[in-house]
Structures are given as C-alpha cells and as structure tokens.
>>> print(open('final-v4.txt').read())   # compact mmCIF, C-alpha atoms
# COMPACT_ATOMS: atom_id res chain seq x y z
CA MET B 1 78.51 -175.49 -125.20
CA THR B 2 76.37 -173.21 -122.98
CA TRP B 3 75.11 -174.10 -119.50
CA TRP B 4 71.54 -174.61 -120.72
CA GLU B 5 72.73 -176.94 -123.48
CA ILE B 6 74.64 -178.94 -120.87
CA ALA B 7 71.53 -179.07 -118.68
CA LEU B 8 69.32 -180.17 -121.58
CA ILE B 9 71.72 -182.89 -122.71
CA ALA B 10 72.15 -184.08 -119.10
CA LEU B 11 68.38 -184.28 -118.59
CA ALA B 12 68.04 -186.24 -121.83
CA GLY B 13 70.89 -188.52 -120.71
CA VAL B 14 69.20 -189.37 -117.40
CA TRP B 15 65.93 -190.12 -119.16
CA ALA B 16 67.67 -192.15 -121.88
CA GLY B 17 69.61 -194.20 -119.33
CA THR B 18 66.41 -194.95 -117.44
CA ILE B 19 64.44 -195.92 -120.54
CA ASN B 20 67.26 -198.02 -121.96
CA THR B 21 67.38 -200.12 -118.79
CA VAL B 22 63.63 -200.57 -118.43
CA VAL B 23 62.73 -200.96 -122.10
CA GLY B 24 65.16 -199.60 -124.70
CA SER B 25 64.88 -196.68 -127.15
CA GLY B 26 66.78 -194.19 -125.00
CA THR B 27 68.54 -192.97 -128.14
CA LEU B 28 65.20 -191.61 -129.32
CA VAL B 29 65.45 -189.14 -126.45
CA THR B 30 69.07 -188.02 -126.83
CA PHE B 31 69.50 -188.16 -130.61
CA PRO B 32 66.76 -185.61 -131.45
CA VAL B 33 68.05 -183.30 -128.69
CA LEU B 34 71.57 -183.33 -130.12
CA VAL B 35 70.33 -182.75 -133.67
CA ALA B 36 68.08 -179.90 -132.46
CA LEU B 37 71.13 -178.29 -130.82
CA GLY B 38 72.89 -178.26 -134.18
CA TYR B 39 75.08 -181.35 -134.09
CA PRO B 40 75.44 -183.17 -137.45
CA PRO B 41 73.45 -186.44 -137.52
CA VAL B 42 76.52 -188.70 -137.76
CA THR B 43 78.30 -186.85 -134.96
CA ALA B 44 75.11 -187.00 -132.88
CA THR B 45 74.83 -190.75 -133.50
CA THR B 46 78.43 -191.59 -132.67
CA SER B 47 78.72 -189.25 -129.67
CA ASN B 48 75.41 -190.53 -128.36
CA ALA B 49 76.49 -194.18 -128.73
CA ILE B 50 79.68 -193.59 -126.74
CA GLY B 51 78.01 -191.38 -124.14
CA LEU B 52 75.33 -193.94 -123.32
CA ILE B 53 77.80 -196.80 -122.78
CA THR B 54 78.09 -196.19 -119.05
CA GLY B 55 74.29 -196.11 -118.70
CA THR B 56 73.86 -199.46 -120.44
CA ILE B 57 76.61 -201.03 -118.34
CA THR B 58 75.11 -199.83 -115.04
CA GLY B 59 71.68 -200.98 -116.22
CA ALA B 60 73.03 -204.44 -117.01
CA TYR B 61 74.77 -204.55 -113.62
CA GLY B 62 71.51 -203.66 -111.92
CA TYR B 63 69.91 -206.77 -113.46
CA ARG B 64 72.77 -209.12 -112.52
CA ALA B 65 70.59 -211.15 -110.16
CA GLU B 66 68.33 -212.25 -113.04
CA LEU B 67 71.37 -213.57 -114.94
CA ARG B 68 72.88 -215.77 -112.24
CA GLY B 69 73.36 -219.29 -113.56
CA HIS B 70 72.99 -218.20 -117.19
CA GLY B 71 76.56 -217.10 -117.91
CA ARG B 72 77.18 -219.58 -120.73
CA ARG B 73 74.02 -218.52 -122.53
CA LEU B 74 74.96 -214.86 -122.11
CA VAL B 75 78.41 -215.45 -123.61
CA GLY B 76 76.89 -217.10 -126.69
CA TYR B 77 74.35 -214.34 -127.18
CA GLY B 78 77.05 -211.75 -126.50
CA ILE B 79 79.28 -213.06 -129.29
CA ALA B 80 76.39 -212.75 -131.75
CA SER B 81 75.75 -209.19 -130.58
CA LEU B 82 79.45 -208.30 -130.81
CA LEU B 83 79.75 -209.50 -134.40
CA GLY B 84 76.53 -207.72 -135.33
CA ALA B 85 77.73 -204.46 -133.77
CA ILE B 86 80.89 -204.57 -135.87
CA GLY B 87 78.78 -205.00 -138.99
CA GLY B 88 76.49 -202.15 -137.98
CA THR B 89 79.33 -199.69 -137.46
CA ILE B 90 80.73 -200.58 -140.87
CA LEU B 91 77.32 -199.78 -142.39
CA LEU B 92 77.14 -196.42 -140.61
CA LEU B 93 80.56 -195.38 -141.84
CA SER B 94 80.10 -196.59 -145.43
CA LEU B 95 76.43 -196.14 -146.42
CA PRO B 96 74.50 -192.91 -147.09
CA ALA B 97 73.06 -191.37 -143.93
CA ASP B 98 69.43 -192.16 -144.77
CA ALA B 99 69.88 -195.57 -146.42
CA PHE B 100 69.11 -197.68 -143.37
CA GLU B 101 66.90 -195.28 -141.41
CA THR B 102 64.13 -195.60 -144.00
CA ILE B 103 63.32 -199.12 -142.76
CA VAL B 104 63.84 -198.41 -139.05
CA PRO B 105 60.12 -197.72 -138.34
CA VAL B 106 59.22 -201.07 -139.92
CA LEU B 107 61.79 -202.93 -137.81
CA VAL B 108 60.69 -201.25 -134.59
CA GLY B 109 57.03 -201.89 -135.44
CA ALA B 110 57.71 -205.58 -135.98
CA ALA B 111 59.53 -205.79 -132.64
CA VAL B 112 56.70 -204.05 -130.78
CA LEU B 113 54.21 -206.43 -132.37
CA LEU B 114 56.31 -209.39 -131.25
CA VAL B 115 56.34 -208.13 -127.66
CA ALA B 116 52.58 -207.49 -127.70
CA VAL B 117 51.56 -210.90 -129.04
CA GLN B 118 54.34 -212.94 -127.42
CA PRO B 119 52.13 -214.49 -124.65
CA VAL B 120 49.65 -215.83 -127.22
CA LEU B 121 52.36 -217.14 -129.53
CA THR B 122 54.28 -218.69 -126.64
CA ARG B 123 51.21 -220.57 -125.44
CA ARG B 124 50.68 -221.96 -128.93
CA LEU B 125 54.33 -222.98 -129.17
CA ARG B 126 54.12 -224.71 -125.80
CA SER B 127 51.11 -226.69 -126.96
CA ARG B 128 53.30 -228.13 -129.73
CA GLU B 129 56.81 -228.19 -128.33
CA HIS B 130 58.98 -226.57 -125.69
CA PRO B 131 59.92 -223.10 -127.02
CA SER B 132 63.58 -223.28 -126.05
CA SER B 133 64.02 -226.74 -127.59
CA GLY B 134 62.30 -226.02 -130.90
CA ARG B 135 64.60 -223.85 -132.97
CA PRO B 136 67.18 -222.32 -130.61
CA TRP B 137 69.66 -221.89 -133.48
CA LEU B 138 67.37 -219.25 -134.99
CA LEU B 139 67.96 -216.96 -132.01
CA PHE B 140 71.63 -216.38 -132.81
CA PRO B 141 71.20 -214.94 -136.33
CA LEU B 142 68.34 -212.80 -135.02
CA ILE B 143 70.49 -211.44 -132.19
CA PHE B 144 73.23 -210.82 -134.75
CA ALA B 145 70.78 -208.90 -136.96
CA VAL B 146 69.65 -206.76 -134.02
CA GLY B 147 73.33 -206.14 -133.25
CA VAL B 148 73.83 -204.87 -136.80
CA TYR B 149 70.90 -202.52 -136.33
CA GLY B 150 72.18 -201.45 -132.90
CA GLY B 151 75.66 -200.76 -134.24
CA TYR B 152 74.15 -198.56 -136.92
CA PHE B 153 71.49 -196.56 -135.06
CA THR B 154 71.08 -198.10 -131.53
CA ALA B 155 67.51 -196.84 -130.98
CA ALA B 156 64.94 -199.49 -130.00
CA GLN B 157 67.40 -202.38 -130.17
CA GLY B 158 66.21 -203.35 -126.70
CA ILE B 159 62.62 -203.66 -127.89
CA MET B 160 63.78 -205.85 -130.77
CA LEU B 161 65.85 -208.07 -128.49
CA VAL B 162 62.97 -208.64 -126.08
CA GLY B 163 60.68 -209.38 -129.03
CA VAL B 164 62.84 -212.05 -130.67
CA MET B 165 63.98 -213.64 -127.41
CA GLY B 166 60.42 -213.77 -126.09
CA LEU B 167 59.34 -215.94 -129.01
CA LEU B 168 62.21 -218.41 -128.86
CA LEU B 169 63.09 -218.63 -125.16
CA ASP B 170 61.09 -220.03 -122.28
CA ASP B 171 62.24 -217.42 -119.75
CA PRO B 172 60.44 -214.88 -117.54
CA LEU B 173 60.18 -211.43 -119.05
CA GLN B 174 62.42 -209.93 -116.36
CA ARG B 175 65.23 -212.35 -117.31
CA LEU B 176 64.74 -211.46 -120.96
CA ASN B 177 65.05 -207.82 -119.96
CA ALA B 178 68.30 -208.66 -118.15
CA PHE B 179 69.66 -210.38 -121.28
CA LYS B 180 68.56 -207.36 -123.28
CA ASN B 181 70.47 -204.94 -121.06
CA ALA B 182 73.65 -207.01 -121.19
CA LEU B 183 73.53 -207.46 -124.97
CA ALA B 184 72.75 -203.78 -125.56
CA ALA B 185 75.81 -202.95 -123.43
CA VAL B 186 77.94 -205.22 -125.62
CA VAL B 187 76.70 -203.52 -128.80
CA ASN B 188 77.25 -200.02 -127.42
CA VAL B 189 80.74 -200.80 -126.13
CA VAL B 190 81.86 -202.36 -129.42
CA ALA B 191 80.30 -199.65 -131.59
CA GLY B 192 81.55 -196.89 -129.31
CA ALA B 193 85.11 -198.23 -129.38
CA ILE B 194 85.12 -198.23 -133.18
CA TYR B 195 83.49 -194.80 -133.44
CA ALA B 196 86.05 -193.34 -131.02
CA VAL B 197 88.85 -194.25 -133.44
CA VAL B 198 87.41 -193.59 -136.90
CA ALA B 199 84.29 -191.39 -136.59
CA PRO B 200 83.64 -187.72 -135.74
CA ILE B 201 83.00 -187.34 -131.99
CA ASP B 202 82.08 -184.42 -129.72
CA TRP B 203 83.75 -185.42 -126.46
CA TRP B 204 81.94 -182.80 -124.36
CA VAL B 205 78.64 -184.39 -125.38
CA VAL B 206 80.09 -187.81 -124.53
CA LEU B 207 81.14 -186.61 -121.08
CA VAL B 208 77.74 -185.12 -120.21
CA LEU B 209 75.86 -188.18 -121.47
CA ALA B 210 78.23 -190.60 -119.74
CA VAL B 211 77.61 -189.05 -116.33
CA SER B 212 73.87 -188.48 -116.73
CA SER B 213 73.08 -191.84 -118.35
CA THR B 214 74.90 -193.63 -115.53
CA VAL B 215 72.46 -192.06 -113.09
CA GLY B 216 69.60 -193.02 -115.39
CA GLY B 217 70.83 -196.61 -115.69
CA LEU B 218 70.86 -197.02 -111.92
CA LEU B 219 67.39 -195.52 -111.63
CA GLY B 220 66.08 -197.70 -114.44
CA ALA B 221 67.34 -200.89 -112.80
CA ARG B 222 65.58 -200.01 -109.54
CA VAL B 223 62.34 -199.21 -111.35
CA GLY B 224 62.35 -201.94 -113.99
CA ARG B 225 63.02 -204.87 -111.62
CA ARG B 226 59.93 -203.92 -109.61
CA LEU B 227 57.54 -203.97 -112.56
CA SER B 228 55.23 -206.93 -113.11
CA PRO B 229 55.54 -208.76 -116.46
CA LEU B 230 52.24 -207.26 -117.62
CA VAL B 231 53.23 -203.70 -116.72
CA LEU B 232 56.66 -204.16 -118.28
CA ARG B 233 55.10 -205.47 -121.48
CA VAL B 234 52.70 -202.50 -121.63
CA VAL B 235 55.59 -200.07 -121.10
CA ILE B 236 57.56 -201.74 -123.90
CA VAL B 237 54.63 -201.47 -126.32
CA VAL B 238 53.88 -197.84 -125.42
CA ILE B 239 57.51 -196.75 -125.75
CA GLY B 240 57.82 -198.73 -128.97
CA VAL B 241 54.80 -197.05 -130.55
CA ALA B 242 56.14 -193.65 -129.50
CA ALA B 243 59.48 -194.58 -131.08
CA ILE B 244 57.77 -195.44 -134.37
CA VAL B 245 55.87 -192.14 -134.39
CA GLU B 246 59.03 -190.16 -133.69
CA LEU B 247 61.04 -192.00 -136.34
CA VAL B 248 58.34 -191.39 -138.94
CA LEU B 249 58.05 -187.70 -138.06
CA THR B 250 61.82 -187.15 -138.17
CA ALA B 251 62.42 -189.23 -141.31
>>> encode(input="final-v4.txt", output="structure tokens")
Amino acid sequence: MTWWEIALIALAGVWAGTINTVVGSGTLVTFPVLVALGYPPVTATTSNAIGLITGTITGAYGYRAELRGHGRRLVGYGIASLLGAIGGTILLLSLPADAFETIVPVLVGAAVLLVAVQPVLTRRLRSREHPSSGRPWLLFPLIFAVGVYGGYFTAAQGIMLVGVMGLLLDDPLQRLNAFKNALAAVVNVVAGAIYAVVAPIDWWVVLVLAVSSTVGGLLGARVGRRLSPLVLRVVIVVIGVAAIVELVLTA
C-alpha cells in the first residue's frame, strides 16, 4: 500500500465516519474507493465493515445524551439488529456477489421516501391513534430486516433505520438518529467479528479506516446534534438520493 493510497483511504474513512453518524451511507464513500484501488469486492466489503466499527461506536457515544432513559428500548432494538446482522453475514458468505445488490437501490429508495414523507404520515397516524401504541411489534421485524441488509452490505442502513422508526415511533428525529447510530454499531460489530474469522480481510485497510473513521465519527456527532430536524431530514434525503444514483451506476 503506497502513501497516496493510505491518504485516500484515510480521507474516505473520515468522510464515511462523519456521514455514518449524521445520516448513514458512509460505506458508499469507502467501498468504491477500495474497489477502485483494486481490492476484490468481497474483501472491500468485509475490510470496510470492520474498519468502520470504531467510527460507528464513537458516533453512537456522541449521541448518548439523546438515549438517556431509553436503555430498555435500545436493548430490545439491539437484539433485533444483532440477529439480523448474523443473517446478513451468512448471506454475504453464501450467496453470489451480485444476488442481493440488485435490489439495494430499491431498498434505499424506499427508505429515503419514508424519511421524506414521515411528517405527513405521522400526523395522519396521530389523528387516528398514538404512533408508538399502534403496532409497535412491527418495528422489531423491520429492524431485523435492516440488520440483515446491514450485515450483507452495510451501506444506507442508517437511512433505512430512520425511515422505519420514524413511521412507528413517536420520538424526535434526533433521538431516532441516536437509536440509528447505536443499532448500526451493533450490526457492524457483529458482522465485523464474523468476517474477521471466516472472510478475506486486508488488515492494513482495516487499520487506516479504523483510525480515520473514529475521527469522522466524533466530527459527525458534533455536527449532527446541532442540526434542526428539518435540516437533518433534508440531509438524509439528499444523501439517500446520491446513494441510489451511485448504486445504480456501479451495479
């Protein structure tokens, strides 16, 4: 690995750590960079997942204030994410490389749409019943499904989590973002632990991403917690649309 490759991967890691904390989709920064540098797609995916673990953990820590008093809820959501991540890693290691990625743009598009229209849908739900008391059980299988996706590819899982939680929970967007960061950290830790044992890994890439994404995670927490709900929602939609375009172009 040359010095300029290290610099490029480190820059991508800082940006990915920042985006992951504020919105999600940081993998769509680092994954194309690794592939462009000649790393095989599976190695790029697994090394990227492990390398970004520290960034997701620091991002979740930066949002700890928004999660105070919600530990029991976080544990329940975390178990669903953990089980989903295990399923996702099994898919990555057993299915053809392009089997799941063909539907990724559709999944990301649906999540972005959910985030965009969530205020309207939430108001309609409130006019009928309290959102969090309507069908809370539906949230767990949806979080599990996002965990499966995150364990397989990781990109844009944050956007999906904010989308599904926004429809079924009566919480401020910043708290939803805090839940998102914590659950994404769970998925990345579980998937990364499995990849480290049974999948091809480039540990130099992991080291560079681990350091740089940690910096990005801390930056993202400082930036994201200062954004208004409207600005945060706009950022999520913009990044989500960009993610769809990139996924379609690289498919």
>>> atom_distance(input="final-v4.txt", atom1="atom CA of Val29 of chain B", atom2="atom CA of Val117 of chain B")
25.9 Å
>>> atom_distance(input="final-v4.txt", atom1="atom CA of Gly151 of chain B", atom2="atom CA of Val106 of chain B")
17.4 Å
>>> residues_around(input="final-v4.txt", residues="Ala99 of chain B", least_positions_apart="6", cutoff="12 Å", atoms="only C-alpha atoms", output="PDB file with C-alpha atoms, keeping the file's coordinate frame")
ATOM      1  CA  LEU B  91      77.320-199.780-142.390  1.00  0.00           C
ATOM      2  CA  LEU B  92      77.140-196.420-140.610  1.00  0.00           C
ATOM      3  CA  LEU B  93      80.560-195.380-141.840  1.00  0.00           C
ATOM      4  CA  TYR B 152      74.150-198.560-136.920  1.00  0.00           C
ATOM      5  CA  PHE B 153      71.490-196.560-135.060  1.00  0.00           C
ATOM      6  CA  ALA B 251      62.420-189.230-141.310  1.00  0.00           C
TER       7      ALA B 251
END
>>> closest_residue(input="final-v4.txt", among="B:Ile86, B:Thr58, B:Leu168, B:Gly220", to="Leu139 of chain B", atoms="only C-alpha atoms")
B:Leu168
>>> closest_residue(input="final-v4.txt", among="B:Ala191, B:Ile201, B:Leu161, B:Ala196", to="Ala85 of chain B", atoms="only C-alpha atoms")
B:Ala191
